[in-house]
$ cat model_11.cif   # mmCIF, C-alpha atoms
data_query
#
loop_
_atom_site.label_atom_id
_atom_site.label_comp_id
_atom_site.auth_asym_id
_atom_site.auth_seq_id
_atom_site.Cartn_x
_atom_site.Cartn_y
_atom_site.Cartn_z
CA MET A 3 -77.72 170.99 157.07
CA LYS A 4 -78.24 174.46 155.62
CA VAL A 5 -75.34 174.84 153.23
CA ILE A 6 -73.82 177.74 151.31
CA PHE A 7 -71.92 176.37 148.33
CA ALA A 8 -69.13 178.45 146.77
CA GLY A 9 -67.65 177.18 143.52
CA THR A 10 -67.23 178.10 139.87
CA PRO A 11 -65.63 175.65 137.36
CA GLU A 12 -66.37 172.07 136.31
CA PHE A 13 -64.28 170.77 139.21
CA ALA A 14 -66.89 172.06 141.67
CA VAL A 15 -69.95 170.63 139.92
CA PRO A 16 -69.79 167.05 141.29
CA ALA A 17 -69.50 168.44 144.83
CA LEU A 18 -72.65 170.54 144.50
CA ALA A 19 -74.46 167.60 142.91
CA ALA A 20 -73.36 165.29 145.74
CA LEU A 21 -74.55 167.72 148.43
CA ILE A 22 -77.93 168.03 146.71
CA ALA A 23 -78.24 164.25 146.37
CA ALA A 24 -77.34 163.80 150.05
CA GLY A 25 -80.35 165.88 151.03
CA HIS A 26 -78.64 169.00 152.31
CA GLU A 27 -80.52 172.27 151.95
CA ILE A 28 -78.49 174.51 149.66
CA VAL A 29 -79.57 177.95 150.85
CA LEU A 30 -77.23 179.93 148.58
CA VAL A 31 -74.80 179.24 145.74
CA LEU A 32 -71.88 181.62 145.31
CA THR A 33 -70.16 181.59 141.94
CA GLN A 34 -68.10 183.94 139.81
CA PRO A 35 -69.92 186.52 137.66
CA ASP A 36 -70.76 185.49 134.10
CA ARG A 37 -67.72 185.99 131.85
CA PRO A 38 -67.32 186.58 128.09
CA ALA A 39 -66.47 183.34 126.29
CA GLY A 40 -66.28 181.85 122.81
CA ARG A 41 -65.75 183.54 119.47
CA GLY A 42 -68.66 185.91 120.03
CA MET A 43 -67.44 186.74 123.55
CA LYS A 44 -70.98 186.41 124.86
CA LEU A 45 -71.50 186.25 128.61
CA LYS A 46 -71.42 182.67 129.80
CA ALA A 47 -72.60 181.29 133.13
CA SER A 48 -70.22 179.18 135.19
CA PRO A 49 -70.78 175.39 135.25
CA VAL A 50 -71.79 175.69 138.92
CA LYS A 51 -74.38 178.35 138.10
CA GLU A 52 -75.84 176.17 135.37
CA LEU A 53 -76.32 173.25 137.78
CA ALA A 54 -77.70 175.51 140.50
CA LEU A 55 -80.31 176.96 138.16
CA GLN A 56 -81.34 173.46 137.05
CA HIS A 57 -82.21 172.75 140.69
CA GLY A 58 -83.88 176.10 141.30
CA LEU A 59 -81.25 177.24 143.79
CA GLN A 60 -80.59 180.85 144.71
CA VAL A 61 -77.43 182.06 142.94
CA TYR A 62 -75.29 185.00 144.07
CA GLN A 63 -72.46 186.34 141.87
CA PRO A 64 -70.65 189.20 143.65
CA GLU A 65 -67.55 190.83 142.18
CA THR A 66 -66.16 191.02 145.72
CA LEU A 67 -67.04 189.86 149.22
CA LYS A 68 -64.98 192.51 151.00
CA THR A 69 -67.86 194.93 151.60
CA PRO A 70 -70.81 194.69 154.02
CA GLN A 71 -73.14 194.95 151.03
CA GLY A 72 -71.40 192.03 149.34
CA GLN A 73 -71.62 189.98 152.52
CA ALA A 74 -75.29 190.72 153.25
CA PRO A 75 -76.89 187.80 151.33
CA ILE A 76 -74.52 185.38 153.08
CA ALA A 77 -75.26 186.85 156.50
CA SER A 78 -79.01 186.54 155.94
CA SER A 79 -78.83 182.91 154.76
CA GLU A 80 -78.73 181.41 158.29
CA ALA A 81 -76.34 178.74 156.98
CA ASP A 82 -74.88 176.02 159.16
CA ILE A 83 -71.79 175.61 156.98
CA MET A 84 -70.13 176.83 153.82
CA VAL A 85 -68.58 174.41 151.34
CA VAL A 86 -65.92 175.84 148.99
CA ALA A 87 -64.62 174.21 145.82
CA ALA A 88 -62.49 176.25 143.40
CA TYR A 89 -64.56 179.37 143.96
CA GLY A 90 -61.95 181.93 142.91
CA LEU A 91 -62.78 184.86 145.18
CA ILE A 92 -61.07 185.70 148.46
CA LEU A 93 -63.26 184.97 151.47
CA PRO A 94 -62.69 187.62 154.18
CA GLN A 95 -62.73 186.63 157.83
CA ALA A 96 -66.12 188.32 158.22
CA VAL A 97 -67.55 185.82 155.70
CA LEU A 98 -65.78 182.84 157.25
CA ASP A 99 -67.34 183.72 160.59
CA ILE A 100 -70.93 183.65 159.29
CA PRO A 101 -71.74 179.90 158.99
CA ARG A 102 -72.43 178.47 162.44
CA GLN A 103 -70.30 175.35 162.02
CA GLY A 104 -67.54 176.72 159.82
CA CYS A 105 -66.30 176.78 156.24
CA PHE A 106 -64.74 173.76 154.54
CA ASN A 107 -62.77 173.52 151.32
CA ILE A 108 -62.22 170.73 148.78
CA HIS A 109 -58.57 170.88 147.68
CA ALA A 110 -57.13 168.68 144.92
CA SER A 111 -53.93 167.55 146.60
CA LEU A 112 -52.68 165.69 149.64
CA LEU A 113 -51.97 168.69 151.81
CA PRO A 114 -49.64 170.14 152.93
CA ARG A 115 -48.11 169.18 149.56
CA TRP A 116 -49.21 171.44 146.70
CA ARG A 117 -51.07 174.31 148.24
CA GLY A 118 -52.15 176.81 145.61
CA ALA A 119 -53.63 177.20 142.15
CA ALA A 120 -52.45 174.19 140.10
CA PRO A 121 -52.01 171.21 142.43
CA ILE A 122 -53.00 168.52 139.90
CA GLN A 123 -50.59 169.73 137.23
CA ARG A 124 -47.69 170.30 139.63
CA ALA A 125 -48.08 166.80 141.06
CA ILE A 126 -47.73 165.29 137.57
CA LEU A 127 -44.79 167.55 136.68
CA ALA A 128 -42.96 166.58 139.86
CA GLY A 129 -43.38 162.86 139.18
CA ASP A 130 -45.52 162.27 142.27
CA VAL A 131 -46.82 158.70 142.42
CA GLU A 132 -50.08 159.75 144.05
CA THR A 133 -52.33 162.71 144.65
CA GLY A 134 -55.77 163.09 146.14
CA ILE A 135 -58.33 165.24 147.87
CA THR A 136 -58.05 167.01 151.20
CA ILE A 137 -61.10 168.38 153.01
CA MET A 138 -59.89 171.23 155.19
CA GLU A 139 -61.05 174.17 157.23
CA VAL A 140 -60.93 177.48 155.34
CA VAL A 141 -58.61 180.07 156.91
CA LEU A 142 -57.23 183.35 155.60
CA ALA A 143 -53.82 181.86 154.73
CA LEU A 144 -53.66 180.00 151.39
CA ASP A 145 -54.85 176.39 151.77
CA ALA A 146 -53.42 176.32 155.30
CA GLY A 147 -56.42 175.14 157.33
CA ALA A 148 -56.58 172.05 159.50
CA MET A 149 -57.41 168.83 157.63
CA LEU A 150 -60.54 166.76 158.25
CA LYS A 151 -60.45 163.99 155.64
CA LYS A 152 -58.27 162.72 152.78
CA GLY A 153 -58.66 160.46 149.77
CA VAL A 154 -55.74 159.11 147.74
CA VAL A 155 -55.52 158.56 143.96
CA PRO A 156 -52.49 156.95 142.26
CA ILE A 157 -50.89 158.79 139.32
CA SER A 158 -50.07 156.54 136.36
CA ASP A 159 -47.84 157.30 133.38
CA GLN A 160 -51.03 157.61 131.30
CA ASP A 161 -52.76 160.17 133.50
CA THR A 162 -53.28 163.72 132.26
CA ALA A 163 -54.35 166.74 134.26
CA GLN A 164 -57.81 166.23 132.74
CA SER A 165 -58.13 162.58 133.71
CA LEU A 166 -57.02 163.25 137.29
CA HIS A 167 -59.25 166.34 137.46
CA ASP A 168 -62.31 164.24 136.61
CA VAL A 169 -61.52 161.54 139.19
CA LEU A 170 -60.67 164.04 141.92
CA ALA A 171 -63.77 166.16 141.30
CA VAL A 172 -66.01 163.17 141.98
CA MET A 173 -63.95 162.11 144.99
CA GLY A 174 -64.14 165.64 146.39
CA GLY A 175 -67.92 165.54 146.42
CA GLN A 176 -68.01 162.11 148.03
CA LEU A 177 -65.53 163.07 150.75
CA MET A 178 -67.33 166.31 151.53
CA VAL A 179 -70.63 164.47 152.02
CA GLN A 180 -68.85 161.99 154.32
CA THR A 181 -67.21 164.85 156.22
CA LEU A 182 -70.51 166.59 156.89
CA ALA A 183 -72.06 163.33 158.06
CA GLU A 184 -69.20 162.84 160.55
CA LEU A 185 -68.60 166.47 161.44
CA ASP A 186 -69.39 166.04 165.13
CA THR A 187 -66.80 163.27 165.55
CA ILE A 188 -63.94 164.23 163.18
CA ARG A 189 -60.83 165.66 164.81
CA ALA A 190 -59.16 168.25 162.60
CA GLU A 191 -55.41 167.71 162.04
CA PRO A 192 -53.13 170.74 161.66
CA GLN A 193 -50.86 170.77 158.61
CA ASP A 194 -47.14 170.25 159.08
CA GLU A 195 -45.65 173.53 157.87
CA ALA A 196 -42.28 171.85 157.32
CA LEU A 197 -43.80 169.75 154.51
CA VAL A 198 -45.52 172.57 152.62
CA THR A 199 -44.98 172.95 148.86
CA TYR A 200 -46.73 175.42 146.56
CA ALA A 201 -48.40 174.78 143.21
CA GLY A 202 -47.94 177.97 141.24
CA LYS A 203 -50.41 178.98 138.56
CA LEU A 204 -49.70 177.57 135.10
CA ARG A 205 -48.09 179.95 132.62
CA LYS A 206 -48.25 179.76 128.83
CA ASP A 207 -44.49 180.30 128.64
CA GLU A 208 -44.06 176.87 130.29
CA ALA A 209 -45.62 175.15 127.25
CA PRO A 210 -42.61 174.74 124.85
CA LEU A 211 -40.80 171.40 125.04
CA ASP A 212 -37.04 171.53 125.52
CA TRP A 213 -35.66 168.49 123.69
CA GLN A 214 -32.42 168.69 125.72
CA ARG A 215 -34.36 167.49 128.77
CA ASN A 216 -34.98 163.82 129.48
CA ALA A 217 -37.96 162.04 127.99
CA VAL A 218 -39.59 161.21 131.33
CA ASP A 219 -39.74 164.91 132.26
CA LEU A 220 -41.15 165.84 128.84
CA SER A 221 -43.81 163.15 129.08
CA ARG A 222 -44.87 164.58 132.42
CA GLN A 223 -44.95 168.07 130.92
CA VAL A 224 -47.20 166.95 128.06
CA ARG A 225 -49.61 165.15 130.36
CA ALA A 226 -49.66 167.89 133.00
CA PHE A 227 -50.45 170.54 130.38
CA ASN A 228 -53.34 168.59 128.86
CA PRO A 229 -55.83 170.32 128.51
CA PHE A 230 -54.11 173.64 129.36
CA PRO A 231 -51.85 175.27 128.31
CA VAL A 232 -50.94 172.28 126.06
CA ALA A 233 -47.28 171.47 125.40
CA GLN A 234 -45.75 172.92 122.23
CA ALA A 235 -43.03 171.92 119.77
CA THR A 236 -41.76 173.85 116.74
CA PHE A 237 -41.34 172.13 113.36
CA ASN A 238 -40.49 174.05 110.17
CA ASP A 239 -41.43 177.31 111.90
CA GLU A 240 -44.87 175.97 112.84
CA ILE A 241 -45.88 175.56 116.47
CA TRP A 242 -47.51 172.17 116.97
CA ARG A 243 -49.52 171.37 120.08
CA ILE A 244 -48.54 168.08 121.70
CA TRP A 245 -51.52 166.54 123.49
CA MET A 246 -50.23 163.12 124.50
CA ALA A 247 -46.83 161.46 124.64
CA TYR A 248 -44.97 158.72 126.49
CA ALA A 249 -41.34 158.27 127.44
CA ASP A 250 -39.25 155.63 125.65
CA PRO A 251 -36.12 155.52 127.86
CA ALA A 252 -34.16 153.16 125.57
CA SER A 253 -34.17 155.44 122.52
CA THR A 254 -31.09 157.46 121.57
CA GLY A 255 -30.41 160.25 119.08
CA ALA A 256 -29.77 163.96 118.68
CA PRO A 257 -32.27 165.97 120.74
CA GLY A 258 -35.27 166.91 118.56
CA GLU A 259 -34.52 164.29 115.88
CA ILE A 260 -37.42 162.13 114.67
CA LEU A 261 -36.26 158.54 115.15
CA ASP A 262 -39.27 156.51 114.07
CA ILE A 263 -42.87 156.97 112.86
CA SER A 264 -44.14 153.38 112.89
CA ASP A 265 -45.80 153.72 116.31
CA GLY A 266 -46.47 157.36 117.03
CA ILE A 267 -43.76 159.94 116.37
CA LEU A 268 -40.65 159.03 118.34
CA VAL A 269 -38.42 162.04 119.02
CA ALA A 270 -34.98 161.90 120.61
CA CYS A 271 -34.47 163.82 123.85
CA GLY A 272 -31.48 164.64 126.02
CA GLN A 273 -32.03 161.23 127.55
CA GLY A 274 -34.36 158.66 125.99
CA GLY A 275 -37.09 159.40 123.46
CA LEU A 276 -40.58 160.89 123.55
CA ARG A 277 -43.26 158.95 121.67
CA ILE A 278 -45.91 161.47 120.56
CA THR A 279 -49.32 159.84 120.10
CA GLU A 280 -51.64 162.85 119.75
CA LEU A 281 -50.90 166.30 118.30
CA GLN A 282 -52.32 169.28 116.43
CA LYS A 283 -51.13 171.73 113.78
CA PRO A 284 -52.09 175.44 113.83
CA GLY A 285 -55.72 175.75 112.72
CA GLY A 286 -56.06 171.98 112.49
CA LYS A 287 -57.85 169.33 114.51
CA ARG A 288 -56.42 167.39 117.41
CA LEU A 289 -55.39 164.07 115.82
CA SER A 290 -53.86 160.73 116.63
CA ALA A 291 -50.29 160.44 115.37
CA ARG A 292 -51.44 157.99 112.67
CA ASP A 293 -54.07 160.38 111.30
CA PHE A 294 -51.68 163.31 111.61
CA LEU A 295 -49.02 161.50 109.57
CA ALA A 296 -51.57 160.72 106.85
CA GLY A 297 -51.87 164.45 106.18
CA THR A 298 -48.38 165.58 107.19
CA PRO A 299 -45.76 163.05 106.08
CA LEU A 300 -42.65 162.99 108.27
CA LYS A 301 -39.45 161.01 107.86
CA PRO A 302 -36.90 159.78 110.39
CA GLY A 303 -34.00 162.23 110.53
CA ALA A 304 -36.16 165.32 110.35
CA ARG A 305 -35.73 167.64 113.31
CA PHE A 306 -37.87 169.66 115.65
CA ALA A 307 -36.41 173.05 116.48
CA ALA A 308 -34.33 173.18 119.64
#
$ encode --input "model_11.cif" --output "structure tokens"
Amino acid sequence: MKVIFAGTPEFAVPALAALIAAGHEIVLVLTQPDRPAGRGMKLKASPVKELALQHGLQVYQPETLKTPQGQAPIASSEADIMVVAAYGLILPQAVLDIPRQGCFNIHASLLPRWRGAAPIQRAILAGDVETGITIMEVVLALDAGAMLKKGVVPISDQDTAQSLHDVLAVMGGQLMVQTLAELDTIRAEPQDEALVTYAGKLRKDEAPLDWQRNAVDLSRQVRAFNPFPVAQATFNDEIWRIWMAYADPASTGAPGEILDISDGILVACGQGGLRITELQKPGGKRLSARDFLAGTPLKPGARFAA
């Protein structure tokens, strides 16, 4: 098929790679404009652009697709379909109408649960036991299109947003290739609007840990916010970043109190304890709890700020 691919971050890269490997003709790659990044704030190409250029594909980086001028390269591409994966720009109906066989999106949840910007993180935060990929038709309403194919991934108590992201990105590419191969026979299934939940964008003000909460919830918060925005805890007026932690339901103590340092840093919560295994001081490196304690001695009875 002649395919337009629209995607920007790392999540979209395996899908583009899978479509190329499957032999589809990628007639145009849409991706966000280069953005300033790093200490020097130099313009940096998106991961999708980098892969596209490696394969000699035509790349298009409009600021908007709402104008006829912005839509012109898409209209002239003679594409059969458009594949969308975390593109980041609104696709007007005029654009959706261009590909002859439609536009299809790779979404990182089991729709209709977790429509929106942060489905992987919200699934972990909510304690969902599974998540997955949904291939769906693109419509103007947010993630509301009919569903063509799903893949399921269990969520363990060791999964982070990063680990699930990596698994789901690969699955998304595989399922999209399968979907295109079966497009003539798949029957699209409308979403049940009664089951819809929304995955709001992550905010930095969600990062601080509240030691009054139970340890299971805090463990989910730490893992959901790895690698962004990273959970935070305050100790002696310093804000430490908490990268990995597990719940220890049997532990008891005053919320925020360090109970034990023999196996990670065990901190009492409103219910149970949180065993921190990876953390980082301001300006320091991300370290295992053992290495962290070698440079920052802590003793049981010390307290994190409430």
$ closest_residue --input "model_11.cif" --among "A:Leu45, A:Leu113, A:Ile6, A:Met149" --to "A:Ala81" --atoms "all atoms listed in the file"
A:Ile6
$ atom_distance --input "model_11.cif" --atom1 "atom CA of A:Ala249" --atom2 "atom CA of A:Thr133"
20.9 Å
$ closest_atom_pairs --input "model_11.cif" --of "stretch 269-293 of chain A" --to "stretch 240-244 of chain A" --cutoff "6 Å" --atoms "all atoms listed in the file" --output "JSON lines"
{"residue": "A:Leu281", "atom": "CA", "partner": "A:Ile244", "partner_atom": "CA", "distance": 4.5}
{"residue": "A:Gln282", "atom": "CA", "partner": "A:Arg243", "partner_atom": "CA", "distance": 5.1}
{"residue": "A:Lys283", "atom": "CA", "partner": "A:Trp242", "partner_atom": "CA", "distance": 4.8}
$ closest_atom_pairs --input "model_11.cif" --of "stretch 47-124 of chain A" --to "stretch 204-223 of chain A" --cutoff "9 Å" --atoms "all atoms listed in the file" --output "JSON lines"
{"residue": "A:Ala119", "atom": "CA", "partner": "A:Leu204", "partner_atom": "CA", "distance": 8.1}
{"residue": "A:Ala120", "atom": "CA", "partner": "A:Leu204", "partner_atom": "CA", "distance": 6.6}
{"residue": "A:Gln123", "atom": "CA", "partner": "A:Leu204", "partner_atom": "CA", "distance": 8.2}
{"residue": "A:Arg124", "atom": "CA", "partner": "A:Leu204", "partner_atom": "CA", "distance": 8.8}
$ closest_residue --input "model_11.cif" --among "A:Cys271, A:Ile100, A:Leu127, A:Val155" --to "A:Gly174" --atoms "all atoms listed in the file"
A:Val155
$ resolve_selection --input "model_11.cif" --expression "the PyMOL selection byres ((chain A and resi 101) around 6)" --output "PDB file with C-alpha atoms, in the coordinates of the input"
ATOM      1  CA  ALA A  81     -76.340 178.740 156.980  1.00  0.00           C
ATOM      2  CA  ASP A  82     -74.880 176.020 159.160  1.00  0.00           C
ATOM      3  CA  ILE A  83     -71.790 175.610 156.980  1.00  0.00           C
ATOM      4  CA  ILE A 100     -70.930 183.650 159.290  1.00  0.00           C
ATOM      5  CA  ARG A 102     -72.430 178.470 162.440  1.00  0.00           C
ATOM      6  CA  GLN A 103     -70.300 175.350 162.020  1.00  0.00           C
ATOM      7  CA  GLY A 104     -67.540 176.720 159.820  1.00  0.00           C
TER       8      GLY A 104
END
$ closest_residue --input "model_11.cif" --among "A:Leu276, A:Thr66, A:Gly9, A:His26" --to "A:Leu53" --atoms "all atoms listed in the file"
A:Gly9
$ resolve_selection --input "model_11.cif" --expression "the PyMOL selection byres ((chain A and resi 154) around 10)" --output "MDAnalysis selection string"
chainID A and resid 111:112 132:136 152:153 155:157 170 173
$ decode --input "model_11.cif" --residues "stretch 28-111 of chain A" --atoms "C-alpha atoms" --output "compact mmCIF listing (two decimals), in the first residue's frame"
# COMPACT_ATOMS: atom_id res chain seq x y z
CA ILE A 28 5.90 5.14 2.57
CA VAL A 29 5.03 8.07 0.31
CA LEU A 30 5.24 10.75 3.01
CA VAL A 31 6.27 11.00 6.67
CA LEU A 32 4.59 13.68 8.78
CA THR A 33 6.35 14.63 11.99
CA GLN A 34 6.55 17.61 14.32
CA PRO A 35 8.93 20.46 13.42
CA ASP A 36 12.45 20.26 14.85
CA ARG A 37 12.47 21.58 18.43
CA PRO A 38 15.20 23.10 20.64
CA ALA A 39 16.67 20.50 22.99
CA GLY A 40 19.60 19.93 25.31
CA ARG A 41 21.75 22.43 27.17
CA GLY A 42 22.59 24.31 23.98
CA MET A 43 18.92 24.36 22.93
CA LYS A 44 19.92 23.40 19.40
CA LEU A 45 17.20 22.28 17.02
CA LYS A 46 16.73 18.53 17.21
CA ALA A 47 14.91 16.27 14.76
CA SER A 48 12.22 13.95 16.06
CA PRO A 49 13.06 10.23 16.38
CA VAL A 50 10.62 9.53 13.53
CA LYS A 51 12.35 12.06 11.28
CA GLU A 52 15.72 10.49 12.00
CA LEU A 53 14.48 7.04 10.95
CA ALA A 54 12.72 8.42 7.88
CA LEU A 55 15.88 10.16 6.68
CA GLN A 56 17.88 6.96 7.19
CA HIS A 57 15.54 5.30 4.69
CA GLY A 58 15.49 8.23 2.27
CA LEU A 59 11.80 8.96 2.86
CA GLN A 60 10.14 12.29 2.14
CA VAL A 61 9.60 14.18 5.41
CA TYR A 62 7.02 16.93 5.93
CA GLN A 63 6.99 19.02 9.14
CA PRO A 64 4.09 21.51 9.06
CA GLU A 65 3.28 23.72 12.03
CA THR A 66 -0.41 23.17 11.24
CA LEU A 67 -2.56 21.11 8.90
CA LYS A 68 -5.57 23.42 9.07
CA THR A 69 -4.80 25.35 5.88
CA PRO A 70 -5.04 24.25 2.23
CA GLN A 71 -1.35 25.03 1.86
CA GLY A 72 -0.52 22.78 4.80
CA GLN A 73 -2.65 20.00 3.37
CA ALA A 74 -1.28 20.20 -0.19
CA PRO A 75 1.62 17.71 0.15
CA ILE A 76 -0.77 15.15 1.67
CA ALA A 77 -3.34 15.67 -1.06
CA SER A 78 -0.72 15.16 -3.77
CA SER A 79 0.69 11.97 -2.23
CA GLU A 80 -2.00 9.66 -3.70
CA ALA A 81 -1.89 7.62 -0.48
CA ASP A 82 -4.07 4.60 0.14
CA ILE A 83 -3.99 5.02 3.91
CA MET A 84 -2.56 7.13 6.70
CA VAL A 85 -1.06 5.55 9.81
CA VAL A 86 -0.89 7.74 12.93
CA ALA A 87 1.19 7.06 16.04
CA ALA A 88 1.64 9.82 18.63
CA TYR A 89 1.89 12.51 15.97
CA GLY A 90 0.87 15.48 18.13
CA LEU A 91 -0.95 17.67 15.61
CA ILE A 92 -4.70 17.83 15.08
CA LEU A 93 -5.79 16.19 11.84
CA PRO A 94 -8.70 18.13 10.30
CA GLN A 95 -11.49 16.27 8.53
CA ALA A 96 -10.14 17.51 5.18
CA VAL A 97 -6.91 15.58 5.89
CA LEU A 98 -8.71 12.48 7.15
CA ASP A 99 -10.67 12.37 3.90
CA ILE A 100 -7.57 12.29 1.67
CA PRO A 101 -6.29 8.67 1.97
CA ARG A 102 -8.48 6.39 -0.13
CA GLN A 103 -8.88 3.67 2.51
CA GLY A 104 -8.86 5.79 5.64
CA CYS A 105 -6.68 6.84 8.56
CA PHE A 106 -5.73 4.48 11.39
CA ASN A 107 -4.21 5.22 14.77
CA ILE A 108 -2.04 3.20 17.16
CA HIS A 109 -3.24 3.95 20.70
CA ALA A 110 -1.49 2.64 23.82
CA SER A 111 -4.49 1.42 25.79
